[in-house]
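Okay, protein-v2.csv now, which holds CSV, C-alpha atoms (C1' of nucleotides):
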```csv
chain,number,residue,atom,x,y,z
A,1,MET,CA,11.6,9.0,176.7
A,2,PRO,CA,14.6,10.7,178.0
A,3,SER,CA,13.8,9.8,181.7
A,4,LEU,CA,15.4,12.2,184.0
A,5,PRO,CA,19.1,12.0,184.7
A,6,CYS,CA,19.4,14.0,187.9
A,7,PRO,CA,17.4,16.7,189.8
A,8,ALA,CA,20.3,19.0,189.3
A,9,TYR,CA,19.9,18.6,185.5
A,10,GLN,CA,16.5,20.1,185.7
A,11,VAL,CA,18.0,23.3,187.1
A,12,LEU,CA,20.8,23.2,184.7
A,13,ARG,CA,18.3,23.1,181.8
A,14,LEU,CA,16.9,26.4,183.0
A,15,LEU,CA,20.3,28.0,182.6
A,16,THR,CA,21.6,26.1,179.7
A,17,GLY,CA,21.9,28.5,176.8
A,18,LYS,CA,24.7,30.5,175.5
A,19,TRP,CA,23.2,33.8,176.5
A,20,LYS,CA,20.9,32.9,179.3
A,21,PRO,CA,23.2,33.6,182.2
A,22,ALA,CA,24.0,37.0,180.7
A,23,ILE,CA,20.3,37.8,180.2
A,24,LEU,CA,19.5,36.8,183.7
A,25,PHE,CA,22.3,38.9,185.1
A,26,HIS,CA,21.1,42.0,183.2
A,27,LEU,CA,17.6,41.4,184.5
A,28,ARG,CA,18.9,40.9,188.0
A,29,GLU,CA,17.9,44.2,189.4
A,30,GLN,CA,15.9,45.8,186.6
A,31,THR,CA,13.2,45.2,184.1
A,32,LEU,CA,14.4,45.7,180.6
A,33,ARG,CA,12.8,45.8,177.2
A,34,PHE,CA,13.8,43.9,174.2
A,35,GLY,CA,15.8,46.8,172.8
A,36,ASP,CA,17.6,47.3,176.0
A,37,LEU,CA,18.7,43.7,176.1
A,38,ARG,CA,19.9,43.9,172.5
A,39,ARG,CA,22.0,46.9,173.5
A,40,CYS,CA,23.4,44.9,176.5
A,41,LEU,CA,24.2,42.0,174.2
A,42,PRO,CA,25.3,43.4,170.9
A,43,GLU,CA,26.9,40.1,169.9
A,44,VAL,CA,23.6,38.3,169.9
A,45,SER,CA,21.4,38.3,166.8
A,46,GLN,CA,17.8,39.2,167.5
A,47,LYS,CA,16.6,35.8,166.4
A,48,VAL,CA,18.8,34.1,169.0
A,49,LEU,CA,17.9,36.6,171.7
A,50,THR,CA,14.2,36.1,171.0
A,51,ALA,CA,14.7,32.3,171.2
A,52,GLN,CA,16.6,32.5,174.5
A,53,LEU,CA,14.0,34.8,175.9
A,54,LYS,CA,11.2,32.5,174.8
A,55,GLU,CA,12.8,29.5,176.4
A,56,LEU,CA,13.4,31.4,179.6
A,57,GLU,CA,9.8,32.5,179.6
A,58,SER,CA,8.5,29.1,178.7
A,59,ASP,CA,10.5,27.6,181.6
A,60,GLY,CA,9.0,30.2,183.9
A,61,VAL,CA,12.3,31.9,184.7
A,62,ILE,CA,11.3,35.3,183.3
A,63,ILE,CA,8.1,37.2,182.6
A,64,ARG,CA,7.3,38.8,179.4
A,65,THR,CA,4.9,41.8,179.4
A,66,LEU,CA,3.5,43.2,176.2
A,67,TYR,CA,2.3,46.8,176.3
A,68,PRO,CA,-0.4,47.7,173.8
A,69,ASP,CA,1.3,51.0,173.1
A,70,VAL,CA,2.6,52.3,169.8
A,71,PRO,CA,5.2,51.8,168.9
A,72,PRO,CA,5.0,48.3,170.5
A,73,ARG,CA,6.9,47.7,173.7
A,74,VAL,CA,7.8,44.6,175.5
A,75,GLU,CA,9.4,44.3,178.9
A,76,TYR,CA,11.2,41.4,180.5
A,77,CYS,CA,11.7,40.8,184.2
A,78,LEU,CA,12.6,37.9,186.5
A,79,SER,CA,9.9,35.6,187.8
A,80,PRO,CA,10.1,34.3,191.4
A,81,LEU,CA,11.9,31.3,190.0
A,82,GLY,CA,14.2,33.6,188.2
A,83,VAL,CA,15.1,35.6,191.3
A,84,ALA,CA,15.7,32.4,193.1
A,85,LEU,CA,18.2,31.4,190.5
A,86,ILE,CA,20.2,34.5,190.8
A,87,PRO,CA,22.2,33.4,193.8
A,88,LEU,CA,23.1,30.2,191.9
A,89,LEU,CA,24.2,32.2,188.9
A,90,GLN,CA,26.1,34.5,191.2
A,91,GLN,CA,28.0,31.5,192.6
A,92,MET,CA,28.9,30.3,189.2
A,93,HIS,CA,30.1,33.7,188.3
A,94,ASP,CA,32.2,33.8,191.5
A,95,PHE,CA,33.4,30.3,190.9
A,96,ALA,CA,34.6,31.3,187.5
A,97,LEU,CA,36.5,34.2,188.9
A,98,ASN,CA,38.1,32.2,191.7
A,99,HIS,CA,39.0,29.2,189.5
A,100,VAL,CA,39.9,31.2,186.3
A,101,ASP,CA,43.2,29.3,186.3
A,102,LEU,CA,41.5,26.0,186.1
A,103,LEU,CA,39.2,27.1,183.3
A,104,ALA,CA,42.1,28.1,181.1
A,105,GLY,CA,41.3,25.4,178.6
A,106,GLN,CA,37.7,25.9,177.8
A,107,GLY,CA,38.0,28.2,174.8
A,108,PRO,CA,40.1,29.9,172.2
A,109,VAL,CA,41.3,32.3,174.9
A,110,SER,CA,45.1,32.0,174.8
A,111,SER,CA,46.9,33.3,171.8
A,112,GLU,CA,50.1,32.6,173.6
A,113,PRO,CA,51.4,29.3,174.9
A,114,ALA,CA,51.3,30.7,178.5
A,115,ALA,CA,55.0,30.4,179.4
A,116,THR,CA,55.2,27.0,181.0
A,117,SER,CA,57.8,27.8,183.6
A,118,GLY,CA,60.2,30.5,182.4
B,1,MET,CA,34.3,34.1,167.2
B,2,PRO,CA,31.8,33.2,169.8
B,3,SER,CA,33.3,35.8,172.2
B,4,LEU,CA,32.3,35.0,175.8
B,5,PRO,CA,28.8,35.7,177.0
B,6,CYS,CA,29.4,35.6,180.7
B,7,PRO,CA,31.8,34.1,183.2
B,8,ALA,CA,29.1,32.0,184.7
B,9,TYR,CA,28.7,30.5,181.2
B,10,GLN,CA,32.2,29.0,181.5
B,11,VAL,CA,31.2,27.1,184.6
B,12,LEU,CA,27.9,26.1,183.1
B,13,ARG,CA,29.7,24.6,180.1
B,14,LEU,CA,31.5,22.3,182.4
B,15,LEU,CA,28.2,20.9,183.7
B,16,THR,CA,26.2,21.1,180.5
B,17,GLY,CA,25.5,17.6,179.4
B,18,LYS,CA,22.5,15.4,180.0
B,19,TRP,CA,24.4,13.0,182.2
B,20,LYS,CA,27.3,15.1,183.6
B,21,PRO,CA,25.6,16.1,186.8
B,22,ALA,CA,24.7,12.4,187.5
B,23,ILE,CA,28.2,11.3,186.7
B,24,LEU,CA,29.8,13.9,188.9
B,25,PHE,CA,27.5,13.0,191.8
B,26,HIS,CA,28.4,9.3,191.5
B,27,LEU,CA,32.0,10.3,191.5
B,28,ARG,CA,31.5,12.5,194.5
B,29,GLU,CA,33.0,10.3,197.1
B,30,GLN,CA,34.4,7.4,195.3
B,31,THR,CA,36.5,6.5,192.3
B,32,LEU,CA,34.5,4.4,189.8
B,33,ARG,CA,35.4,2.4,186.8
B,34,PHE,CA,33.7,2.6,183.5
B,35,GLY,CA,31.6,-0.5,184.1
B,36,ASP,CA,30.5,0.9,187.5
B,37,LEU,CA,29.3,4.0,185.9
B,38,ARG,CA,27.4,2.1,183.3
B,39,ARG,CA,25.7,0.2,186.2
B,40,CYS,CA,24.9,3.5,187.9
B,41,LEU,CA,23.5,4.9,184.6
B,42,PRO,CA,21.8,2.0,182.8
B,43,GLU,CA,19.8,4.5,180.7
B,44,VAL,CA,22.9,5.8,179.0
B,45,SER,CA,24.4,4.1,176.0
B,46,GLN,CA,28.2,3.4,176.3
B,47,LYS,CA,28.9,5.7,173.4
B,48,VAL,CA,27.2,8.6,175.1
B,49,LEU,CA,28.7,7.8,178.5
B,50,THR,CA,32.2,7.7,176.9
B,51,ALA,CA,31.5,11.0,175.2
B,52,GLN,CA,30.4,12.7,178.5
B,53,LEU,CA,33.4,11.3,180.3
B,54,LYS,CA,35.8,12.5,177.6
B,55,GLU,CA,34.3,16.0,177.7
B,56,LEU,CA,34.5,16.0,181.5
B,57,GLU,CA,38.1,14.9,181.3
B,58,SER,CA,39.0,17.3,178.6
B,59,ASP,CA,37.5,20.1,180.7
B,60,GLY,CA,39.6,19.0,183.6
B,61,VAL,CA,36.7,18.1,185.7
B,62,ILE,CA,37.5,14.5,186.1
B,63,ILE,CA,40.6,12.3,185.9
B,64,ARG,CA,40.9,9.2,183.8
B,65,THR,CA,43.4,6.5,184.9
B,66,LEU,CA,44.2,3.6,182.6
B,67,TYR,CA,45.6,0.5,184.3
B,68,PRO,CA,47.7,-1.8,182.1
B,69,ASP,CA,46.0,-4.8,183.6
B,70,VAL,CA,44.2,-7.5,181.8
B,71,PRO,CA,41.4,-7.4,181.3
B,72,PRO,CA,41.8,-3.6,180.8
B,73,ARG,CA,40.6,-1.4,183.6
B,74,VAL,CA,39.9,2.3,183.7
B,75,GLU,CA,39.0,4.4,186.7
B,76,TYR,CA,37.5,7.8,186.9
B,77,CYS,CA,37.7,10.3,189.8
B,78,LEU,CA,37.1,13.9,190.4
B,79,SER,CA,39.9,16.4,189.8
B,80,PRO,CA,40.4,19.4,192.1
B,81,LEU,CA,38.1,21.3,189.8
B,82,GLY,CA,35.6,18.6,189.9
B,83,VAL,CA,35.5,18.5,193.7
B,84,ALA,CA,35.2,22.3,193.7
B,85,LEU,CA,32.1,21.9,191.5
B,86,ILE,CA,30.4,19.5,193.8
B,87,PRO,CA,29.0,22.2,196.1
B,88,LEU,CA,27.5,24.0,193.1
B,89,LEU,CA,25.9,20.8,191.9
B,90,GLN,CA,24.7,20.1,195.4
B,91,GLN,CA,23.0,23.4,195.5
B,92,MET,CA,21.3,22.8,192.1
B,93,HIS,CA,20.2,19.5,193.4
B,94,ASP,CA,18.9,21.2,196.6
B,95,PHE,CA,17.3,23.9,194.5
B,96,ALA,CA,15.5,21.4,192.4
B,97,LEU,CA,14.1,19.7,195.5
B,98,ASN,CA,13.0,23.0,197.1
B,99,HIS,CA,11.5,24.4,193.9
B,100,VAL,CA,10.1,21.2,192.5
B,101,ASP,CA,6.7,23.0,192.3
B,102,LEU,CA,8.1,25.7,190.0
B,103,LEU,CA,9.9,23.1,187.8
B,104,ALA,CA,6.6,21.3,187.1
B,105,GLY,CA,6.7,22.2,183.4
B,106,GLN,CA,10.2,21.2,182.3
B,107,GLY,CA,9.5,17.6,181.4
B,108,PRO,CA,7.1,14.7,180.9
B,109,VAL,CA,6.8,14.4,184.6
B,110,SER,CA,3.1,14.7,185.3
B,111,SER,CA,0.9,11.9,183.9
B,112,GLU,CA,-2.0,13.6,185.6
B,113,PRO,CA,-3.4,17.1,185.1
B,114,ALA,CA,-2.2,18.0,188.6
B,115,ALA,CA,-5.5,18.2,190.4
B,116,THR,CA,-6.4,21.9,190.3
B,117,SER,CA,-7.7,22.1,193.8
B,118,GLY,CA,-9.5,19.0,194.9
C,1,DC,C1',9.9,48.5,168.2
C,2,DG,C1',9.6,43.7,168.5
C,3,DG,C1',8.9,39.2,166.4
C,4,DC,C1',8.5,35.7,163.0
C,5,DA,C1',9.9,32.8,158.8
C,6,DT,C1',13.4,30.7,156.3
C,7,DC,C1',17.9,28.6,155.4
C,8,DC,C1',22.2,26.7,157.1
C,9,DC,C1',25.7,24.6,160.0
C,10,DA,C1',27.5,22.6,164.2
C,11,DA,C1',26.8,20.1,168.3
C,12,DG,C1',24.5,16.8,171.3
C,13,DC,C1',22.3,12.6,172.0
C,14,DG,C1',21.1,7.9,170.9
C,15,DA,C1',21.4,2.8,168.8
C,16,DT,C1',24.2,-0.6,166.7
C,17,DA,C1',28.2,-3.0,165.4
C,18,DC,C1',33.0,-3.9,165.7
C,19,DT,C1',37.7,-4.0,167.9
C,20,DG,C1',41.6,-4.8,171.3
D,1,DC,C1',36.2,-4.6,180.1
D,2,DA,C1',36.6,-0.3,177.7
D,3,DG,C1',36.6,2.2,173.6
D,4,DT,C1',35.9,3.4,168.6
D,5,DA,C1',33.3,4.0,164.1
D,6,DT,C1',29.2,4.8,161.7
D,7,DC,C1',24.6,6.5,160.9
D,8,DG,C1',20.6,9.3,162.0
D,9,DC,C1',17.7,12.5,164.5
D,10,DT,C1',16.9,16.6,167.3
D,11,DT,C1',18.5,21.0,169.2
D,12,DG,C1',20.9,25.0,169.4
D,13,DG,C1',23.0,28.8,167.5
D,14,DG,C1',23.6,32.2,163.7
D,15,DA,C1',22.5,35.4,159.3
D,16,DT,C1',18.9,37.5,156.5
D,17,DG,C1',14.7,39.3,155.2
D,18,DC,C1',9.8,40.5,155.9
D,19,DC,C1',5.7,41.8,158.8
D,20,DG,C1',2.7,44.2,162.3
```
Render the structure in this file as structure tokens.
Amino acid sequence: MPSLPCPAYQVLRLLTGKWKPAILFHLREQTLRFGDLRRCLPEVSQKVLTAQLKELESDGVIIRTLYPDVPPRVEYCLSPLGVALIPLLQQMHDFALNHVDLLAGQGPVSSEPAATSG
Amino acid sequence: MPSLPCPAYQVLRLLTGKWKPAILFHLREQTLRFGDLRRCLPEVSQKVLTAQLKELESDGVIIRTLYPDVPPRVEYCLSPLGVALIPLLQQMHDFALNHVDLLAGQGPVSSEPAATSG
DNA sequence: CGGCATCCCAAGCGATACTG
DNA sequence: CAGTATCGCTTGGGATGCCG
């Protein structure tokens, strides 16, 4: 089997997912229901959102609560592990802001050649 | 297009790769050549190692230096961005160690049912 | 409202063989 | 010693449509 590459990788796995950081940030201070998250992340299809949520729940990062009400309602909130991960996420967020210059090659961000020196 | 989910995701992308954290840790204090890294990571095929290294280099996390010697020699070291990422990696590593209990479901770690209370 | 099923495409990871 | 090319499998992400 895949053995384990590095302890840090285990933590990385928890966060690895295109929308997981965003989801976790939205859940940072408040419990949200599925519909709320969809509103927060309009770019994400519900299939993908559900998948990310399921992974997060499966990994013990968030907690899913199903209410037997009608119409059905589901709420998501951070688990202890999830809250513990927030500082880490926050640092990545901060890092991105502080090193935005160095990250200027990760995506289709620049439509202009970024004037090399004037 | 894929828009961008979250600033933290940009940073996550840099580290996302099964062997990247391990590679970065090995490069933490010393420059290593390809062969050295292979020795450090015997579980990784050279094709995959090369790929991870190329991504890391492409993302500006590490620097690849080719020496025109014979036999050919290539050395890898952290870039400024790479060294800046080390603390983050270190925290993930530390996190993994401190929350190892909560991570007990992420992989084929336990061969035993984790004695429930005895 | 929330979720599942299906279909599709792209990326990641892995093993092997070959090259300079 | 270091890297490339090929092939195949598994995962992840995305769009649509149907169900409770």
Closest-contact table, chain D side, partner region 38-60 of chain A, 9 Å, counting only C-alpha atoms (C1' of nucleotides), as a tab-separated table:
```
residue	atom	partner	partner_atom	distance
D:DG13	C1'	A:Val48	CA	6.9
D:DG14	C1'	A:Ser45	CA	7.2
D:DA15	C1'	A:Ser45	CA	8.1
```
Same-sequence overlay, chain A on chain B, C-alpha least squares, as a PDB file with C-alpha atoms, keeping the file's coordinate frame:
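Listing of superposed-v2.pdb after writing:
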```pdb
ATOM      1  CA  MET A   1      33.983  33.647 167.201  1.00  0.00           C
ATOM      2  CA  PRO A   2      31.468  33.010 169.819  1.00  0.00           C
ATOM      3  CA  SER A   3      32.983  35.642 172.251  1.00  0.00           C
ATOM      4  CA  LEU A   4      32.098  34.850 175.744  1.00  0.00           C
ATOM      5  CA  PRO A   5      28.633  35.567 177.047  1.00  0.00           C
ATOM      6  CA  CYS A   6      29.180  35.514 180.793  1.00  0.00           C
ATOM      7  CA  PRO A   7      31.736  34.079 183.304  1.00  0.00           C
ATOM      8  CA  ALA A   8      28.972  31.998 184.712  1.00  0.00           C
ATOM      9  CA  TYR A   9      28.510  30.367 181.265  1.00  0.00           C
ATOM     10  CA  GLN A  10      31.972  29.014 181.439  1.00  0.00           C
ATOM     11  CA  VAL A  11      31.049  27.069 184.572  1.00  0.00           C
ATOM     12  CA  LEU A  12      27.796  26.062 183.153  1.00  0.00           C
ATOM     13  CA  ARG A  13      29.594  24.531 180.138  1.00  0.00           C
ATOM     14  CA  LEU A  14      31.458  22.252 182.509  1.00  0.00           C
ATOM     15  CA  LEU A  15      28.178  20.847 183.753  1.00  0.00           C
ATOM     16  CA  THR A  16      26.146  21.048 180.665  1.00  0.00           C
ATOM     17  CA  GLY A  17      25.401  17.517 179.552  1.00  0.00           C
ATOM     18  CA  LYS A  18      22.539  15.277 180.120  1.00  0.00           C
ATOM     19  CA  TRP A  19      24.457  12.890 182.303  1.00  0.00           C
ATOM     20  CA  LYS A  20      27.237  14.985 183.654  1.00  0.00           C
ATOM     21  CA  PRO A  21      25.677  15.992 186.931  1.00  0.00           C
ATOM     22  CA  ALA A  22      24.821  12.349 187.603  1.00  0.00           C
ATOM     23  CA  ILE A  23      28.373  11.221 186.772  1.00  0.00           C
ATOM     24  CA  LEU A  24      29.837  13.837 188.987  1.00  0.00           C
ATOM     25  CA  PHE A  25      27.568  12.899 191.848  1.00  0.00           C
ATOM     26  CA  HIS A  26      28.551   9.207 191.588  1.00  0.00           C
ATOM     27  CA  LEU A  27      32.196  10.214 191.580  1.00  0.00           C
ATOM     28  CA  ARG A  28      31.652  12.506 194.519  1.00  0.00           C
ATOM     29  CA  GLU A  29      33.170  10.350 197.145  1.00  0.00           C
ATOM     30  CA  GLN A  30      34.627   7.440 195.194  1.00  0.00           C
ATOM     31  CA  THR A  31      36.670   6.534 192.210  1.00  0.00           C
ATOM     32  CA  LEU A  32      34.780   4.366 189.828  1.00  0.00           C
ATOM     33  CA  ARG A  33      35.609   2.453 186.701  1.00  0.00           C
ATOM     34  CA  PHE A  34      33.847   2.588 183.462  1.00  0.00           C
ATOM     35  CA  GLY A  35      31.808  -0.515 184.229  1.00  0.00           C
ATOM     36  CA  ASP A  36      30.786   0.792 187.542  1.00  0.00           C
ATOM     37  CA  LEU A  37      29.474   3.981 186.030  1.00  0.00           C
ATOM     38  CA  ARG A  38      27.540   2.020 183.412  1.00  0.00           C
ATOM     39  CA  ARG A  39      25.931   0.070 186.244  1.00  0.00           C
ATOM     40  CA  CYS A  40      25.072   3.395 188.023  1.00  0.00           C
ATOM     41  CA  LEU A  41      23.584   4.736 184.810  1.00  0.00           C
ATOM     42  CA  PRO A  42      21.900   1.896 183.032  1.00  0.00           C
ATOM     43  CA  GLU A  43      19.885   4.288 180.871  1.00  0.00           C
ATOM     44  CA  VAL A  44      22.966   5.664 179.215  1.00  0.00           C
ATOM     45  CA  SER A  45      24.437   3.960 176.152  1.00  0.00           C
ATOM     46  CA  GLN A  46      28.159   3.369 176.390  1.00  0.00           C
ATOM     47  CA  LYS A  47      28.840   5.654 173.471  1.00  0.00           C
ATOM     48  CA  VAL A  48      27.138   8.557 175.250  1.00  0.00           C
ATOM     49  CA  LEU A  49      28.781   7.759 178.569  1.00  0.00           C
ATOM     50  CA  THR A  50      32.195   7.642 176.907  1.00  0.00           C
ATOM     51  CA  ALA A  51      31.474  11.023 175.242  1.00  0.00           C
ATOM     52  CA  GLN A  52      30.354  12.644 178.507  1.00  0.00           C
ATOM     53  CA  LEU A  53      33.356  11.264 180.265  1.00  0.00           C
ATOM     54  CA  LYS A  54      35.676  12.527 177.551  1.00  0.00           C
ATOM     55  CA  GLU A  55      34.246  15.999 177.702  1.00  0.00           C
ATOM     56  CA  LEU A  56      34.494  16.047 181.463  1.00  0.00           C
ATOM     57  CA  GLU A  57      38.079  14.924 181.223  1.00  0.00           C
ATOM     58  CA  SER A  58      38.901  17.308 178.448  1.00  0.00           C
ATOM     59  CA  ASP A  59      37.473  20.184 180.534  1.00  0.00           C
ATOM     60  CA  GLY A  60      39.621  19.064 183.437  1.00  0.00           C
ATOM     61  CA  VAL A  61      36.706  18.185 185.706  1.00  0.00           C
ATOM     62  CA  ILE A  62      37.624  14.504 186.060  1.00  0.00           C
ATOM     63  CA  ILE A  63      40.726  12.357 185.737  1.00  0.00           C
ATOM     64  CA  ARG A  64      40.929   9.302 183.721  1.00  0.00           C
ATOM     65  CA  THR A  65      43.484   6.612 184.720  1.00  0.00           C
ATOM     66  CA  LEU A  66      44.256   3.698 182.468  1.00  0.00           C
ATOM     67  CA  TYR A  67      45.709   0.607 184.124  1.00  0.00           C
ATOM     68  CA  PRO A  68      47.862  -1.584 181.907  1.00  0.00           C
ATOM     69  CA  ASP A  69      46.296  -4.685 183.392  1.00  0.00           C
ATOM     70  CA  VAL A  70      44.411  -7.429 181.608  1.00  0.00           C
ATOM     71  CA  PRO A  71      41.648  -7.333 181.185  1.00  0.00           C
ATOM     72  CA  PRO A  72      41.934  -3.524 180.679  1.00  0.00           C
ATOM     73  CA  ARG A  73      40.733  -1.270 183.452  1.00  0.00           C
ATOM     74  CA  VAL A  74      40.021   2.355 183.561  1.00  0.00           C
ATOM     75  CA  GLU A  75      39.178   4.440 186.586  1.00  0.00           C
ATOM     76  CA  TYR A  76      37.560   7.836 186.833  1.00  0.00           C
ATOM     77  CA  CYS A  77      37.831  10.277 189.708  1.00  0.00           C
ATOM     78  CA  LEU A  78      37.241  13.988 190.335  1.00  0.00           C
ATOM     79  CA  SER A  79      39.984  16.490 189.636  1.00  0.00           C
ATOM     80  CA  PRO A  80      40.474  19.464 192.004  1.00  0.00           C
ATOM     81  CA  LEU A  81      38.199  21.404 189.709  1.00  0.00           C
ATOM     82  CA  GLY A  82      35.738  18.624 189.904  1.00  0.00           C
ATOM     83  CA  VAL A  83      35.679  18.550 193.700  1.00  0.00           C
ATOM     84  CA  ALA A  84      35.252  22.246 193.692  1.00  0.00           C
ATOM     85  CA  LEU A  85      32.182  21.891 191.580  1.00  0.00           C
ATOM     86  CA  ILE A  86      30.526  19.491 193.860  1.00  0.00           C
ATOM     87  CA  PRO A  87      29.148  22.076 196.234  1.00  0.00           C
ATOM     88  CA  LEU A  88      27.627  23.884 193.221  1.00  0.00           C
ATOM     89  CA  LEU A  89      26.052  20.685 191.999  1.00  0.00           C
ATOM     90  CA  GLN A  90      24.869  19.993 195.508  1.00  0.00           C
ATOM     91  CA  GLN A  91      23.103  23.377 195.559  1.00  0.00           C
ATOM     92  CA  MET A  92      21.403  22.702 192.325  1.00  0.00           C
ATOM     93  CA  HIS A  93      20.288  19.388 193.584  1.00  0.00           C
ATOM     94  CA  ASP A  94      18.944  21.053 196.759  1.00  0.00           C
ATOM     95  CA  PHE A  95      17.390  23.801 194.739  1.00  0.00           C
ATOM     96  CA  ALA A  96      15.559  21.258 192.696  1.00  0.00           C
ATOM     97  CA  LEU A  97      14.224  19.589 195.764  1.00  0.00           C
ATOM     98  CA  ASN A  98      13.127  22.822 197.422  1.00  0.00           C
ATOM     99  CA  HIS A  99      11.555  24.305 194.263  1.00  0.00           C
ATOM    100  CA  VAL A 100      10.132  20.992 192.831  1.00  0.00           C
ATOM    101  CA  ASP A 101       6.780  22.785 192.595  1.00  0.00           C
ATOM    102  CA  LEU A 102       8.151  25.422 190.363  1.00  0.00           C
ATOM    103  CA  LEU A 103       9.864  22.926 188.088  1.00  0.00           C
ATOM    104  CA  ALA A 104       6.637  21.084 187.420  1.00  0.00           C
ATOM    105  CA  GLY A 105       6.678  22.071 183.787  1.00  0.00           C
ATOM    106  CA  GLN A 106      10.046  21.051 182.576  1.00  0.00           C
ATOM    107  CA  GLY A 107       9.272  17.554 181.329  1.00  0.00           C
ATOM    108  CA  PRO A 108       6.788  14.867 180.508  1.00  0.00           C
ATOM    109  CA  VAL A 109       6.380  14.260 184.244  1.00  0.00           C
ATOM    110  CA  SER A 110       2.637  14.656 184.855  1.00  0.00           C
ATOM    111  CA  SER A 111       0.330  12.091 183.431  1.00  0.00           C
ATOM    112  CA  GLU A 112      -2.447  13.777 185.281  1.00  0.00           C
ATOM    113  CA  PRO A 113      -3.672  17.336 184.962  1.00  0.00           C
ATOM    114  CA  ALA A 114      -2.692  17.983 188.643  1.00  0.00           C
ATOM    115  CA  ALA A 115      -6.121  18.888 190.062  1.00  0.00           C
ATOM    116  CA  THR A 116      -6.218  22.632 189.696  1.00  0.00           C
ATOM    117  CA  SER A 117      -8.127  23.414 192.843  1.00  0.00           C
ATOM    118  CA  GLY A 118     -10.527  20.605 193.763  1.00  0.00           C
TER     119      GLY A 118
END
```
For DA5 (chain C), list every protein, DNA or RNA residue within 12 Å, evaluated using only C-alpha atoms (C1' of nucleotides), and leave out those in the same chain fewer than 4 positions away; present the list as an MDAnalysis selection string.
(chainID A and resid 47) or (chainID D and resid 16:19)
Given a cut-off of 10 Å, which residues of chain D touch chain B, counting only C-alpha atoms (C1' of nucleotides), written out as a short mmCIF file (atom, residue, chain, number, x, y, z; two decimals) with C-alpha atoms (C1' of nucleotides), keeping the file's coordinate frame?
```cif
data_model
loop_
_atom_site.label_atom_id
_atom_site.label_comp_id
_atom_site.auth_asym_id
_atom_site.auth_seq_id
_atom_site.Cartn_x
_atom_site.Cartn_y
_atom_site.Cartn_z
"C1'" DC D 1 36.20 -4.60 180.10
"C1'" DA D 2 36.60 -0.30 177.70
"C1'" DG D 3 36.60 2.20 173.60
"C1'" DT D 4 35.90 3.40 168.60
#
```
Given only C-alpha atoms as the counted atoms, nearest of B:His93, B:Leu103, B:Leu4, B:Ala84 to chain A:
B:His93
Mind dumping a table of every chain A residue within 7 Å of chain B, with the nearest atom pair and its distance in Å to one decimal, using all atoms listed in the file, sorted by chain and rising number, as a Markdown table?
```
| residue | atom | partner | partner_atom | distance |
| --- | --- | --- | --- | --- |
| A:Pro5 | CA | B:Trp19 | CA | 5.9 |
| A:Cys6 | CA | B:Ala22 | CA | 5.6 |
| A:Pro7 | CA | B:His93 | CA | 5.4 |
| A:Ala8 | CA | B:His93 | CA | 4.1 |
| A:Tyr9 | CA | B:Pro21 | CA | 6.4 |
| A:Gln10 | CA | B:Ala96 | CA | 6.9 |
| A:Val11 | CA | B:Met92 | CA | 6.0 |
| A:Thr16 | CA | B:Thr16 | CA | 6.8 |
| A:Lys18 | CA | B:Pro5 | CA | 6.8 |
| A:Trp19 | CA | B:Pro5 | CA | 5.9 |
| A:Pro21 | CA | B:Tyr9 | CA | 6.4 |
| A:Ala22 | CA | B:Cys6 | CA | 5.6 |
| A:Asp59 | CA | B:Gln106 | CA | 6.4 |
| A:Leu81 | CA | B:Leu102 | CA | 6.8 |
| A:Leu89 | CA | B:Ala8 | CA | 6.5 |
| A:Met92 | CA | B:Ala8 | CA | 4.8 |
| A:His93 | CA | B:Ala8 | CA | 4.1 |
| A:Ala96 | CA | B:Pro7 | CA | 5.8 |
| A:Leu102 | CA | B:Leu81 | CA | 6.9 |
| A:Gly105 | CA | B:Asp59 | CA | 6.9 |
| A:Gln106 | CA | B:Asp59 | CA | 6.5 |
```
For the point (5.5, 38.8, 163.6) in the file's frame, write as number ranges by chain all residues with an atom no more than 7 Å away, counting only C-alpha atoms (C1' of nucleotides).
C: 3-4; D: 19-20
Between C:DC1, C:DC7, C:DG12, C:DG20, which residue has the minimum interatomic distance to chain A, considering only C-alpha atoms (C1' of nucleotides)?
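Nearest to chain A: C:DC1.
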Atomic separation - C1' of DG8 (chain D) relative to C1' of DA17 (chain C), Å:
14.9 Å
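In terms of minimum interatomic distance to chain C, A:Leu37 ranks closest within A:Cys77, A:Ile62, A:Ile86, A:Leu37, counting all atoms listed in the file.
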Distance of CA of Ile63 (chain B) from CA of Glu75 (chain B), expressed in Å to one decimal place:
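Result for CA of Glu75 (chain B) versus CA of Ile63 (chain B): 8.1 Å, one decimal.
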What gap, in Å, lies between CA of Gly82 (chain B) and CA of Tyr67 (chain B)?
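CA of Tyr67 (chain B) lies 21.4 Å from CA of Gly82 (chain B).
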Here is a test: counting only C-alpha atoms (C1' of nucleotides), which residue of C:DG14, C:DT19, C:DC8, C:DG2 is nearest to chain B?
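Looking only at the distances to chain B, the closest residue turns out to be C:DG14.
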With all atoms listed in the file as the atoms that count, which of A:Glu29, A:Leu24, A:Asp69, A:Ser79 lies nearest to chain C?
A:Asp69
